[in-house]
Number of protein chains: 2
Amino acid sequence: MIKSPTLSFDASAELLAEALSNNSLSQVARALQPLDVAETLEQLERLNTIDRALAYRTLPKGRALEVFERLDARLQADLVSGLQDAQVAEVFAALSPDDRVALLDELPASVANRLILGLKEKDRALTTMVLGYPQGAVGRFMSPQFVTTHPGTTAGETLARVREQLDDAESVYTIPVTDGSRHLVGVVSLRDVLRAAESDLVSDLMKDPLSAPATLDAEEAARYCADAKVLVLPIVDAENRLVGILTVDDALRILEDAESEDAARAGGSEPLRRPYLATPIRSIVRARVVWLLVLALGATLTVQVMGAFEATLAEQVVLSLFIPLLIGTGGNTGNQAATTITRALALGDVRPRDVVKVVARELRVGAWLGLLLGGLGFAVASIIFTVPLGLVIGLTLLGVCTMAATVGGLMPLLGKALKVDPAVFSNPFISTFVDATGLIIYFLIASAVLGL
Amino acid sequence: MIKSPTLSFDASAELLAEALSNNSLSQVARALQPLDVAETLEQLERLNTIDRALAYRTLPKGRALEVFERLDARLQADLVSGLQDAQVAEVFAALSPDDRVALLDELPASVANRLILGLKEKDRALTTMVLGYPQGAVGRFMSPQFVTTHPGTTAGETLARVREQLDDAESVYTIPVTDGSRHLVGVVSLRDVLRAAESDLVSDLMKDPLSAPATLDAEEAARYCADAKVLVLPIVDAENRLVGILTVDDALRILEDAESEDAARAGGSEPLRRPYLATPIRSIVRARVVWLLVLALGATLTVQVMGAFEATLAEQVVLSLFIPLLIGTGGNTGNQAATTITRALALGDVRPRDVVKVVARELRVGAWLGLLLGGLGFAVASIIFTVPLGLVIGLTLLGVCTMAATVGGLMPLLGKALKVDPAVFSNPFISTFVDATGLIIYFLIASAVLGL
């Protein structure tokens with residue numbers, strides 16, 4: 001059986017939409033029936049909250065659990081309000097401790113407390129342990145269920161331990177090695193355990209462990225896990241005692257969320273917390289309007305700059321023709337630099353301490369871009385208009401590009417240093433700043449060259 | 001031993017920089033000596049090409065191989081030119097077939113051919129097999145080295161097969177199940193093999209396989225692998241015969257590159273192919289200048305629009321004061337929409353067939369944003385300037401926001417439909433388009449309201 005990611009996707013969507021518009025539960029069930037878990041998820045994520053709850057309730061029980069487990073926490077929370085208490089308790093108990101915590105964060109406190117109290121004691125202890133870490137810390141995303149072994153244990157015994165705990169452990173493919181006081185002293189891969197002779201000691205098989213403290217920022221820990229290409233990153237407390245593991249699939253999810261957030265911020269809006277088609281219009285408006293207002297407020301600076309040079313403009317109306325082009329080019333140059341540095345920061349290619357290097361590089365890049373564009377602008381404007389005007393345009397482009405690239409490169413580093421998400425000093429933010437500064441450069445050069 | 005990602009990073013960078021500026025190889029070796037592979041990589045990626053080659057050559061042999069294996073293909077290619085032929089052949093042979101292909105793509109054809117001919121026959125066959133797939137296809141990134149089992153094989157026999165091939169196979173944690181003609185019929189996890197009784201048949205343990213065709217776009221396949229949370233995605237040919245596996249760590253690398261590319265495009269530049277600090281200034285200029293020129297060319301449209309309304313502007317210079325604010329707000333609104341839809345497309349949350357839904361949603365969002373901002377703009381401009389001018393500003397904001405959100409939402413879908421990277425219709429591109437259209441809206445409304 002061949003499964004391609006897009007096979008029959010459109011047909012299923014069509015069928016499901018029709019069934020929902022007919023309000024026919026049996027039709028909905030039939031539309032979902034041939035889909036696997038991933039396909040079901042994809043379809044559910046495109047529906048509005050009510051349709052989703054309706055469709056979800058037609059799923060057979062086992063499938064429903066599997067689907068619930070893999071839904072976004074926010075969509076899980078949406079669903080919970082549409083389910084019976086008994087159903088909620090059941091799906092909640094079936095989640096792993098880290099997924100349970102993600103869902104709890106989205107629920108009203110009263111519902112959350114009731115759910116926690118409904119858990120079996122062992123599950124409750126694991127869940128509250130994960131809940132104990134601050135929001136955004138990797139401790140919140142780790143799994144407290146894992147197999148460990150010890151340096152003095154043999155490969156054969158380790159394999160037996162793994163076999164015993166196959167059902168509970170989140171991953172058994174990388175096994176943390178701890179000493180008698182639960183301190184992390186190494187990791188051993190299941191591959192190496194299988195390769196070894198039964199009587200080989202773990203101490204001879206294990207490697208130096210990578211690990212991250214439970215209080216570390218989740219995105220940093222996930223990036224570390226991804227860069228190091230490990231399937232499992234052991235998570236330790238301040239005394240280097242093993243408290244959980246971060247699996248690569250959880251790391252992937254963290255990185256995906258972080259990247260969606262960065263992308264949204266780079267576009268000048270708050271990230272949406274649900275998939276686009278599942279987000280109500282008013283939530284989208286809310287995610288965007290605050291930033292638009294802040295940016296518009298910033299842009300009133302440009303009105304003031306323009307006002308200050310109103311007399312110049314009245315004398316030479318031709319100057320106003322180039323304003324959108326000049327500030328647009330400045331904005332573009334600034335965005336290019338800001339995007340590059342924001343991404344380099346996220347990947348760890350650049351660090352805040354590199355500020356001098358970055359500024360020096362962007363200054364040079366901006367000057368080169370300004371020379372190229374300014375030269376061209378001078379030539380074209382001199383031919384079409386006049387040489388003095390050509391000179392104004394050319395010099396302004398040189399000044400604006402140099403300034404914009406430098407400011408664009410500096411802003412994300414400034415954000416990082418101020419412990420603000422560097423992406424908040426986003427492209428629109430930089431455009432607005434660069435607009436006002438660019439106008440000043442333009443009018444000063446024009447006044448000097450044209451003797452206004 | 002506790003290892004935190006940033007432990008002593010700065011100190012190491014300092015030591016290394018000093019050693020390099022002293023041209024002292026023994027000092028360089030000492031600076032790198034305490035670092036693990038990941039830390040060494042991080043330091044190397046920050047150096048220029050010559051310093052990197054110098055530092056690399058001080059690494060002990062085993063460590064050098066490990067580091068080389070995990071470097072970006074582009075940086076590997078940079079290094080190759082600085083190494084002896086024998087050293088190159090050695091590191092090349094030590095790479096896995098998919099990594100070998102990535103490096104070959106970066107090397108001049110003559111070097112590439114020599115390296116392929118130098119391989120052992122079996123390695124050569126695997127490498128040319130991967131090389132046979134088109135650039136960008138997942139076939140290029142898959143590993144052709146894997147363990148398989150068959151439905152009629154027992155769990156015990158499968159475990160024995162795994163043990164035999166532990167050294168060659170890229171991953172043994174998810175085992176594809178094939179029939180007599182190599183058709184993929186299922187997958188079985190090593191976890192289930194370990195849990196089963198020795199005599200259990202694979203046919204009773206296996207699950208329906210997810211898979212992707214080898215010619216599928218690598219980013220789509222990687223996203224599929226990540227969404228499905230599988231450690232291994234089997235890759236098949238057109239007849240559903242197993243030809244390779246995509247491991248989750250390779251999927252992560254593909255996604256990371258794709259996201260860097262999207263981020264760069266959203267900022268209006270070509271992606272850099274090396275880490276920022278390792279990229280020469282002229283490459284950065286090259287990555288940015290073409291887009292800046294194209295965008296500046298597009299922006300000449302704004303000069304023409306302004307020119308067409310020059311008489312209006314001359315009569316009412318006050319109108320020019322608001323131009324940067326109005327087109328800036330339009331650009332911001334367009335960027336917000338474009339960023340959201342580009343990301344939703346990348347995640348598969350939105351598909352090209354959703355175009356009507358997206359446009360309808362963005363039209364409503366844009367109108368709401370326009371009402372909110374326009375209302376505010378009307379109030380403020382009426383108080384500070386005049387009521388008619390307030391009306392012009394308010395109505396223009398309403399028109400511009402509605403238009404910009406709709407255009408911004410539509411563009412990435414258009415790009416996808418035209419099989420252009422949706423991120424190419426990037427924020428700067430949209431800003432430029434929205435600038436010109438916004439100016440027309442502004443002047444038309446101004447002419448109508450002020451009776452010019």
# chains A, B, ... in the order shown; residues from 1 in each chain; ligands from 1

call {"tool": "residues_around", "arguments": {"residues": "segment 231-239 of chain B", "least_positions_apart": "4", "cutoff": "6 Å", "atoms": "only C-alpha atoms", "output": "list of chain:residue names"}}
result
B:Ser211, B:Ala212, B:Pro213, B:Ala214, B:Val243, B:Gly244, B:Ile245, B:Leu246, B:Thr247, B:Val248

call {"tool": "write_last_selection", "arguments": {"atoms": "N, CA, C and O atoms", "output": "JSON list (two decimals), in the first residue's frame"}}
result
[["chain", "number", "residue", "atom", "x", "y", "z"],
["B", 211, "SER", "N", 5.12, 6.27, 3.86],
["B", 211, "SER", "CA", 6.27, 6.30, 2.97],
["B", 211, "SER", "C", 6.16, 7.50, 2.07],
["B", 211, "SER", "O", 5.12, 8.15, 2.01],
["B", 212, "ALA", "N", 7.25, 7.81, 1.38],
["B", 212, "ALA", "CA", 7.23, 8.91, 0.41],
["B", 212, "ALA", "C", 7.98, 8.44, -0.82],
["B", 212, "ALA", "O", 8.96, 7.70, -0.70],
["B", 213, "PRO", "N", 7.51, 8.86, -2.00],
["B", 213, "PRO", "CA", 8.25, 8.51, -3.22],
["B", 213, "PRO", "C", 9.58, 9.27, -3.29],
["B", 213, "PRO", "O", 9.66, 10.41, -2.83],
["B", 214, "ALA", "N", 10.59, 8.62, -3.85],
["B", 214, "ALA", "CA", 11.95, 9.20, -3.87],
["B", 214, "ALA", "C", 12.01, 10.50, -4.65],
["B", 214, "ALA", "O", 12.90, 11.31, -4.43],
["B", 243, "VAL", "N", 13.65, 1.91, -1.58],
["B", 243, "VAL", "CA", 14.97, 2.26, -2.11],
["B", 243, "VAL", "C", 15.85, 2.97, -1.06],
["B", 243, "VAL", "O", 17.05, 3.09, -1.26],
["B", 244, "GLY", "N", 15.24, 3.42, 0.04],
["B", 244, "GLY", "CA", 16.05, 4.10, 1.04],
["B", 244, "GLY", "C", 15.22, 4.47, 2.26],
["B", 244, "GLY", "O", 14.02, 4.17, 2.32],
["B", 245, "ILE", "N", 15.87, 5.10, 3.22],
["B", 245, "ILE", "CA", 15.14, 5.61, 4.39],
["B", 245, "ILE", "C", 15.56, 7.04, 4.65],
["B", 245, "ILE", "O", 16.71, 7.43, 4.42],
["B", 246, "LEU", "N", 14.60, 7.84, 5.07],
["B", 246, "LEU", "CA", 14.90, 9.21, 5.53],
["B", 246, "LEU", "C", 14.83, 9.18, 7.04],
["B", 246, "LEU", "O", 13.77, 8.88, 7.61],
["B", 247, "THR", "N", 15.95, 9.50, 7.71],
["B", 247, "THR", "CA", 15.93, 9.49, 9.17],
["B", 247, "THR", "C", 15.51, 10.86, 9.69],
["B", 247, "THR", "O", 15.66, 11.86, 8.99],
["B", 248, "VAL", "N", 15.01, 10.87, 10.92],
["B", 248, "VAL", "CA", 14.47, 12.12, 11.45],
["B", 248, "VAL", "C", 15.55, 13.20, 11.56],
["B", 248, "VAL", "O", 15.27, 14.38, 11.39]]

call {"tool": "residues_around", "arguments": {"residues": "Ile50 of chain B", "least_positions_apart": "6", "cutoff": "9 Å", "atoms": "only C-alpha atoms", "output": "number ranges by chain"}}
result
B: 78-79, 82

call {"tool": "write_last_selection", "arguments": {"atoms": "all heavy atoms", "output": "PDB file, in the first residue's frame"}}
result
ATOM      1  N   ASP B  78      34.691  23.903   1.037  1.00  0.00           N
ATOM      2  CA  ASP B  78      35.744  24.889   1.278  1.00  0.00           C
ATOM      3  C   ASP B  78      36.996  24.213   1.833  1.00  0.00           C
ATOM      4  O   ASP B  78      38.117  24.537   1.455  1.00  0.00           O
ATOM      5  CB  ASP B  78      35.276  25.945   2.307  1.00  0.00           C
ATOM      6  CG  ASP B  78      34.208  26.868   1.731  1.00  0.00           C
ATOM      7  OD1 ASP B  78      33.983  26.835   0.509  1.00  0.00           O
ATOM      8  OD2 ASP B  78      33.598  27.611   2.521  1.00  0.00           O
ATOM      9  N   LEU B  79      36.765  23.269   2.750  1.00  0.00           N
ATOM     10  CA  LEU B  79      37.890  22.604   3.407  1.00  0.00           C
ATOM     11  C   LEU B  79      38.669  21.732   2.437  1.00  0.00           C
ATOM     12  O   LEU B  79      39.903  21.686   2.477  1.00  0.00           O
ATOM     13  CB  LEU B  79      37.385  21.701   4.537  1.00  0.00           C
ATOM     14  CG  LEU B  79      37.374  22.249   5.950  1.00  0.00           C
ATOM     15  CD1 LEU B  79      37.013  21.153   6.926  1.00  0.00           C
ATOM     16  CD2 LEU B  79      38.731  22.843   6.311  1.00  0.00           C
ATOM     17  N   GLY B  82      41.674  22.812   0.812  1.00  0.00           N
ATOM     18  CA  GLY B  82      42.838  23.067   1.645  1.00  0.00           C
ATOM     19  C   GLY B  82      43.516  21.807   2.167  1.00  0.00           C
ATOM     20  O   GLY B  82      44.469  21.877   2.921  1.00  0.00           O
TER      21      GLY B  82
END

call {"tool": "atom_distance", "arguments": {"atom1": "atom CA of Gln336 of chain B", "atom2": "atom CA of Thr339 of chain A"}}
result
14.9 Å

call {"tool": "select_by_dssp", "arguments": {"residues": "segment 235-378 of chain A", "states": "alpha helix (DSSP H)", "output": "JSON, numbers by chain"}}
result
{"A": [248, 249, 250, 251, 252, 253, 254, 255, 256, 257, 258, 259, 260, 261, 262, 263, 264, 265, 266, 281, 282, 283, 284, 285, 286, 287, 288, 289, 290, 291, 292, 293, 294, 295, 296, 297, 298, 299, 300, 301, 302, 303, 304, 305, 306, 307, 308, 310, 311, 312, 313, 314, 315, 318, 319, 320, 321, 323, 324, 325, 326, 327, 328, 329, 330, 331, 332, 333, 334, 335, 336, 337, 338, 339, 340, 341, 342, 343, 344, 345, 346, 347, 355, 356, 357, 358, 359, 360, 361, 362, 363, 364, 365, 366, 367, 368, 369, 370, 371, 372, 373, 374, 375, 376, 377, 378]}

call {"tool": "closest_residue", "arguments": {"among": "B:Arg273, B:Lys419, B:Arg161, B:Arg195", "to": "chain A", "atoms": "only C-alpha atoms"}}
result
B:Arg195

call {"tool": "select_by_dssp", "arguments": {"residues": "segment 199-441 of chain A", "states": "strand (DSSP E)", "output": "list in words"}}
result
Ala212, Pro213, Val232, Leu233, Pro234, Ile235, Val236, Leu242, Val243, Gly244, Ile245, Leu246 and Thr247 of chain A

call {"tool": "residues_around", "arguments": {"residues": "Thr312 of chain A", "least_positions_apart": "3", "cutoff": "8 Å", "atoms": "only C-alpha atoms", "output": "ChimeraX atom specification"}}
result
/A:309,315-316,447,452

call {"tool": "residues_around", "arguments": {"residues": "Leu450 of chain A", "least_positions_apart": "2", "cutoff": "9 Å", "atoms": "only C-alpha atoms", "output": "PDB file with N, CA and C atoms, in the first residue's frame"}}
result
ATOM      1  N   PRO A 388      21.754  67.666 -10.850  1.00  0.00           N
ATOM      2  CA  PRO A 388      21.695  67.896  -9.390  1.00  0.00           C
ATOM      3  C   PRO A 388      20.703  66.958  -8.707  1.00  0.00           C
ATOM      4  N   LEU A 389      19.528  66.765  -9.323  1.00  0.00           N
ATOM      5  CA  LEU A 389      18.562  65.846  -8.722  1.00  0.00           C
ATOM      6  C   LEU A 389      19.137  64.431  -8.702  1.00  0.00           C
ATOM      7  N   VAL A 392      21.327  64.128  -5.792  1.00  0.00           N
ATOM      8  CA  VAL A 392      20.570  63.981  -4.544  1.00  0.00           C
ATOM      9  C   VAL A 392      20.107  62.534  -4.369  1.00  0.00           C
ATOM     10  N   ILE A 445      20.378  66.148   2.409  1.00  0.00           N
ATOM     11  CA  ILE A 445      21.180  66.103   1.181  1.00  0.00           C
ATOM     12  C   ILE A 445      20.575  67.029   0.125  1.00  0.00           C
ATOM     13  N   ALA A 446      19.237  66.974  -0.009  1.00  0.00           N
ATOM     14  CA  ALA A 446      18.579  67.822  -1.006  1.00  0.00           C
ATOM     15  C   ALA A 446      18.844  69.304  -0.715  1.00  0.00           C
ATOM     16  N   SER A 447      18.739  69.690   0.562  1.00  0.00           N
ATOM     17  CA  SER A 447      18.967  71.087   0.932  1.00  0.00           C
ATOM     18  C   SER A 447      20.385  71.493   0.575  1.00  0.00           C
ATOM     19  N   ALA A 448      21.339  70.620   0.895  1.00  0.00           N
ATOM     20  CA  ALA A 448      22.743  70.950   0.648  1.00  0.00           C
ATOM     21  C   ALA A 448      23.025  71.040  -0.850  1.00  0.00           C
ATOM     22  N   LEU A 452      18.681  74.676  -0.994  1.00  0.00           N
ATOM     23  CA  LEU A 452      17.340  75.158  -0.593  1.00  0.00           C
ATOM     24  C   LEU A 452      17.388  75.762   0.814  1.00  0.00           C
TER      25      LEU A 452
END

call {"tool": "residues_around", "arguments": {"residues": "Thr49 of chain B", "least_positions_apart": "3", "cutoff": "12 Å", "atoms": "only C-alpha atoms", "output": "ChimeraX atom specification"}}
result
/B:44-46,52-56,74-82,274-275,277-280

call {"tool": "atom_distance", "arguments": {"atom1": "atom CA of Thr342 of chain A", "atom2": "atom CA of Pro422 of chain A"}}
result
6.3 Å

call {"tool": "closest_residue", "arguments": {"among": "A:Ala13, A:Leu325, A:Val188, A:Ala125", "to": "chain B", "atoms": "only C-alpha atoms"}}
result
A:Leu325

call {"tool": "residues_around", "arguments": {"residues": "Asp167 of chain B", "least_positions_apart": "4", "cutoff": "12 Å", "atoms": "only C-alpha atoms", "output": "compact mmCIF listing (two decimals) with all heavy atoms, in the first residue's frame"}}
result
# COMPACT_ATOMS: atom_id res chain seq x y z
N ARG A 191 21.58 0.58 20.20
CA ARG A 191 22.40 -0.04 19.16
C ARG A 191 23.68 -0.64 19.75
O ARG A 191 24.03 -1.79 19.46
CB ARG A 191 22.76 1.04 18.13
CG ARG A 191 23.27 0.53 16.81
CD ARG A 191 23.87 1.69 16.02
NE ARG A 191 22.92 2.32 15.15
CZ ARG A 191 23.04 2.37 13.81
NH1 ARG A 191 24.06 1.79 13.20
NH2 ARG A 191 22.15 2.98 13.08
N ASP A 192 24.35 0.14 20.61
CA ASP A 192 25.59 -0.37 21.21
C ASP A 192 25.32 -1.49 22.19
O ASP A 192 26.12 -2.41 22.33
CB ASP A 192 26.36 0.78 21.88
CG ASP A 192 26.99 1.70 20.86
OD1 ASP A 192 27.20 1.25 19.71
OD2 ASP A 192 27.27 2.87 21.19
N LEU A 194 22.95 -3.68 21.88
CA LEU A 194 22.68 -4.88 21.07
C LEU A 194 23.97 -5.43 20.47
O LEU A 194 24.13 -6.65 20.31
CB LEU A 194 21.71 -4.54 19.93
CG LEU A 194 20.26 -4.33 20.34
CD1 LEU A 194 19.44 -3.85 19.14
CD2 LEU A 194 19.66 -5.61 20.90
N ARG A 195 24.89 -4.53 20.13
CA ARG A 195 26.14 -4.95 19.50
C ARG A 195 27.07 -5.64 20.49
O ARG A 195 27.85 -6.52 20.12
CB ARG A 195 26.84 -3.70 18.93
CG ARG A 195 27.91 -4.01 17.94
CD ARG A 195 28.76 -2.76 17.65
NE ARG A 195 27.99 -1.53 17.70
CZ ARG A 195 27.82 -0.69 16.68
NH1 ARG A 195 28.34 -0.98 15.51
NH2 ARG A 195 27.14 0.41 16.83
N ALA A 196 26.97 -5.25 21.77
CA ALA A 196 27.92 -5.72 22.78
C ALA A 196 27.66 -7.18 23.15
O ALA A 196 26.60 -7.74 22.90
CB ALA A 196 27.80 -4.84 24.02
N SER B 96 28.62 9.03 4.94
CA SER B 96 27.56 8.14 4.49
C SER B 96 27.13 8.59 3.09
O SER B 96 27.38 9.73 2.70
CB SER B 96 26.39 8.17 5.47
OG SER B 96 25.84 9.45 5.50
N GLN B 145 21.28 2.74 3.00
CA GLN B 145 21.74 1.65 3.87
C GLN B 145 20.74 1.43 5.00
O GLN B 145 20.59 2.28 5.86
CB GLN B 145 23.12 2.00 4.42
CG GLN B 145 24.16 2.07 3.31
CD GLN B 145 25.53 2.38 3.86
OE1 GLN B 145 25.76 3.44 4.45
NE2 GLN B 145 26.45 1.46 3.68
N PHE B 146 20.07 0.29 4.98
CA PHE B 146 19.02 0.03 5.97
C PHE B 146 18.87 -1.49 6.17
O PHE B 146 19.35 -2.28 5.37
CB PHE B 146 17.69 0.64 5.51
CG PHE B 146 17.36 0.33 4.07
CD1 PHE B 146 16.80 -0.89 3.71
CD2 PHE B 146 17.64 1.26 3.07
CE1 PHE B 146 16.51 -1.17 2.38
CE2 PHE B 146 17.36 0.97 1.74
CZ PHE B 146 16.79 -0.25 1.40
N VAL B 147 18.24 -1.85 7.27
CA VAL B 147 17.90 -3.25 7.53
C VAL B 147 16.44 -3.43 7.14
O VAL B 147 15.62 -2.57 7.44
CB VAL B 147 17.98 -3.58 9.03
CG1 VAL B 147 17.97 -5.08 9.26
CG2 VAL B 147 19.17 -2.93 9.66
N ARG B 161 18.93 -10.27 12.45
CA ARG B 161 19.29 -9.50 11.26
C ARG B 161 19.77 -8.11 11.65
O ARG B 161 20.73 -7.58 11.09
CB ARG B 161 18.05 -9.28 10.37
CG ARG B 161 17.59 -10.47 9.60
CD ARG B 161 16.32 -10.11 8.83
NE ARG B 161 16.65 -9.39 7.61
CZ ARG B 161 16.48 -9.88 6.40
NH1 ARG B 161 15.96 -11.09 6.24
NH2 ARG B 161 16.81 -9.20 5.33
N VAL B 162 19.04 -7.49 12.59
CA VAL B 162 19.42 -6.16 13.06
C VAL B 162 20.83 -6.20 13.62
O VAL B 162 21.68 -5.37 13.30
CB VAL B 162 18.43 -5.66 14.12
CG1 VAL B 162 18.99 -4.44 14.87
CG2 VAL B 162 17.09 -5.31 13.48
N ARG B 163 21.09 -7.22 14.47
CA ARG B 163 22.42 -7.31 15.11
C ARG B 163 23.52 -7.44 14.08
O ARG B 163 24.61 -6.88 14.25
CB ARG B 163 22.46 -8.50 16.07
CG ARG B 163 21.73 -8.23 17.37
CD ARG B 163 22.08 -9.31 18.41
NE ARG B 163 22.13 -8.75 19.74
CZ ARG B 163 21.36 -9.16 20.77
NH1 ARG B 163 20.50 -10.15 20.59
NH2 ARG B 163 21.48 -8.59 21.94
N SER B 171 19.77 3.59 10.42
CA SER B 171 18.95 3.50 11.62
C SER B 171 18.41 2.09 11.74
O SER B 171 18.10 1.47 10.73
CB SER B 171 17.79 4.49 11.57
OG SER B 171 16.90 4.22 12.64
N VAL B 172 18.31 1.58 12.95
CA VAL B 172 17.76 0.23 13.12
C VAL B 172 16.53 0.28 14.01
O VAL B 172 15.98 -0.76 14.38
CB VAL B 172 18.78 -0.73 13.77
CG1 VAL B 172 19.98 -0.91 12.86
CG2 VAL B 172 19.24 -0.21 15.13

call {"tool": "residues_around", "arguments": {"residues": "segment 289-299 of chain B", "least_positions_apart": "2", "cutoff": "8 Å", "atoms": "only C-alpha atoms", "output": "number ranges by chain"}}
result
A: 324-325, 328-329, 332-333, 369, 373; B: 268-270, 285-287, 301-303, 428-429, 432-433, 436

call {"tool": "write_last_selection", "arguments": {"atoms": "N, CA and C atoms", "output": "PDB file, in the first residue's frame"}}
result
ATOM      1  N   PRO A 324       8.477  57.574  -1.805  1.00  0.00           N
ATOM      2  CA  PRO A 324       8.177  56.147  -1.612  1.00  0.00           C
ATOM      3  C   PRO A 324       9.314  55.243  -2.062  1.00  0.00           C
ATOM      4  N   LEU A 325       9.956  55.578  -3.180  1.00  0.00           N
ATOM      5  CA  LEU A 325      11.051  54.736  -3.667  1.00  0.00           C
ATOM      6  C   LEU A 325      12.217  54.730  -2.689  1.00  0.00           C
ATOM      7  N   GLY A 328      11.303  53.093   0.619  1.00  0.00           N
ATOM      8  CA  GLY A 328      11.069  51.668   0.342  1.00  0.00           C
ATOM      9  C   GLY A 328      12.388  50.917   0.240  1.00  0.00           C
ATOM     10  N   THR A 329      13.337  51.496  -0.491  1.00  0.00           N
ATOM     11  CA  THR A 329      14.635  50.841  -0.647  1.00  0.00           C
ATOM     12  C   THR A 329      15.343  50.740   0.703  1.00  0.00           C
ATOM     13  N   ASN A 332      13.713  47.941   2.612  1.00  0.00           N
ATOM     14  CA  ASN A 332      14.121  46.638   2.089  1.00  0.00           C
ATOM     15  C   ASN A 332      15.521  46.262   2.555  1.00  0.00           C
ATOM     16  N   THR A 333      16.445  47.219   2.477  1.00  0.00           N
ATOM     17  CA  THR A 333      17.824  46.948   2.892  1.00  0.00           C
ATOM     18  C   THR A 333      17.871  46.600   4.381  1.00  0.00           C
ATOM     19  N   LEU A 369      26.078  48.054  -1.189  1.00  0.00           N
ATOM     20  CA  LEU A 369      24.744  48.099  -1.796  1.00  0.00           C
ATOM     21  C   LEU A 369      24.394  49.533  -2.164  1.00  0.00           C
ATOM     22  N   LEU A 373      23.442  50.748  -5.911  1.00  0.00           N
ATOM     23  CA  LEU A 373      22.124  51.337  -6.188  1.00  0.00           C
ATOM     24  C   LEU A 373      22.220  52.832  -6.409  1.00  0.00           C
TER      25      LEU A 373
ATOM     26  N   GLY B 268      13.501  39.371   1.704  1.00  0.00           N
ATOM     27  CA  GLY B 268      13.844  39.937   0.415  1.00  0.00           C
ATOM     28  C   GLY B 268      15.293  39.747   0.022  1.00  0.00           C
ATOM     29  N   SER B 269      15.884  38.603   0.377  1.00  0.00           N
ATOM     30  CA  SER B 269      17.216  38.332  -0.159  1.00  0.00           C
ATOM     31  C   SER B 269      17.350  36.841  -0.447  1.00  0.00           C
ATOM     32  N   GLU B 270      18.364  36.491  -1.219  1.00  0.00           N
ATOM     33  CA  GLU B 270      18.655  35.082  -1.435  1.00  0.00           C
ATOM     34  C   GLU B 270      19.266  34.512  -0.163  1.00  0.00           C
ATOM     35  N   VAL B 285      26.628  40.663  -0.241  1.00  0.00           N
ATOM     36  CA  VAL B 285      26.180  41.716  -1.155  1.00  0.00           C
ATOM     37  C   VAL B 285      25.451  41.078  -2.341  1.00  0.00           C
ATOM     38  N   ARG B 286      26.044  40.006  -2.883  1.00  0.00           N
ATOM     39  CA  ARG B 286      25.444  39.352  -4.047  1.00  0.00           C
ATOM     40  C   ARG B 286      24.058  38.808  -3.707  1.00  0.00           C
ATOM     41  N   ALA B 287      23.927  38.220  -2.494  1.00  0.00           N
ATOM     42  CA  ALA B 287      22.645  37.627  -2.116  1.00  0.00           C
ATOM     43  C   ALA B 287      21.556  38.688  -2.000  1.00  0.00           C
ATOM     44  N   LEU B 301       7.500  52.467 -10.169  1.00  0.00           N
ATOM     45  CA  LEU B 301       6.047  52.598 -10.344  1.00  0.00           C
ATOM     46  C   LEU B 301       5.494  53.686  -9.420  1.00  0.00           C
ATOM     47  N   THR B 302       6.008  53.738  -8.186  1.00  0.00           N
ATOM     48  CA  THR B 302       5.512  54.745  -7.245  1.00  0.00           C
ATOM     49  C   THR B 302       5.889  56.149  -7.731  1.00  0.00           C
ATOM     50  N   VAL B 303       7.092  56.268  -8.362  1.00  0.00           N
ATOM     51  CA  VAL B 303       7.494  57.577  -8.883  1.00  0.00           C
ATOM     52  C   VAL B 303       6.497  58.010  -9.950  1.00  0.00           C
ATOM     53  N   PRO B 428       8.996  42.361   1.013  1.00  0.00           N
ATOM     54  CA  PRO B 428       9.371  43.565   0.253  1.00  0.00           C
ATOM     55  C   PRO B 428       8.622  43.646  -1.076  1.00  0.00           C
ATOM     56  N   PHE B 429       8.437  42.500  -1.715  1.00  0.00           N
ATOM     57  CA  PHE B 429       7.718  42.478  -2.978  1.00  0.00           C
ATOM     58  C   PHE B 429       6.304  43.018  -2.781  1.00  0.00           C
ATOM     59  N   THR B 432       6.185  46.800  -2.047  1.00  0.00           N
ATOM     60  CA  THR B 432       6.338  47.625  -3.250  1.00  0.00           C
ATOM     61  C   THR B 432       5.026  47.708  -4.020  1.00  0.00           C
ATOM     62  N   PHE B 433       4.384  46.543  -4.189  1.00  0.00           N
ATOM     63  CA  PHE B 433       3.123  46.513  -4.914  1.00  0.00           C
ATOM     64  C   PHE B 433       2.059  47.343  -4.180  1.00  0.00           C
ATOM     65  N   ALA B 436       2.421  51.283  -4.396  1.00  0.00           N
ATOM     66  CA  ALA B 436       1.910  51.930  -5.601  1.00  0.00           C
ATOM     67  C   ALA B 436       0.376  51.962  -5.569  1.00  0.00           C
TER      68      ALA B 436
END

call {"tool": "closest_residue", "arguments": {"among": "A:Glu121, A:Glu170, A:Asp249, A:Asp421", "to": "chain B", "atoms": "only C-alpha atoms"}}
result
A:Asp249

call {"tool": "atom_distance", "arguments": {"atom1": "atom CA of Leu32 of chain A", "atom2": "atom CA of Arg361 of chain B"}}
result
25.8 Å
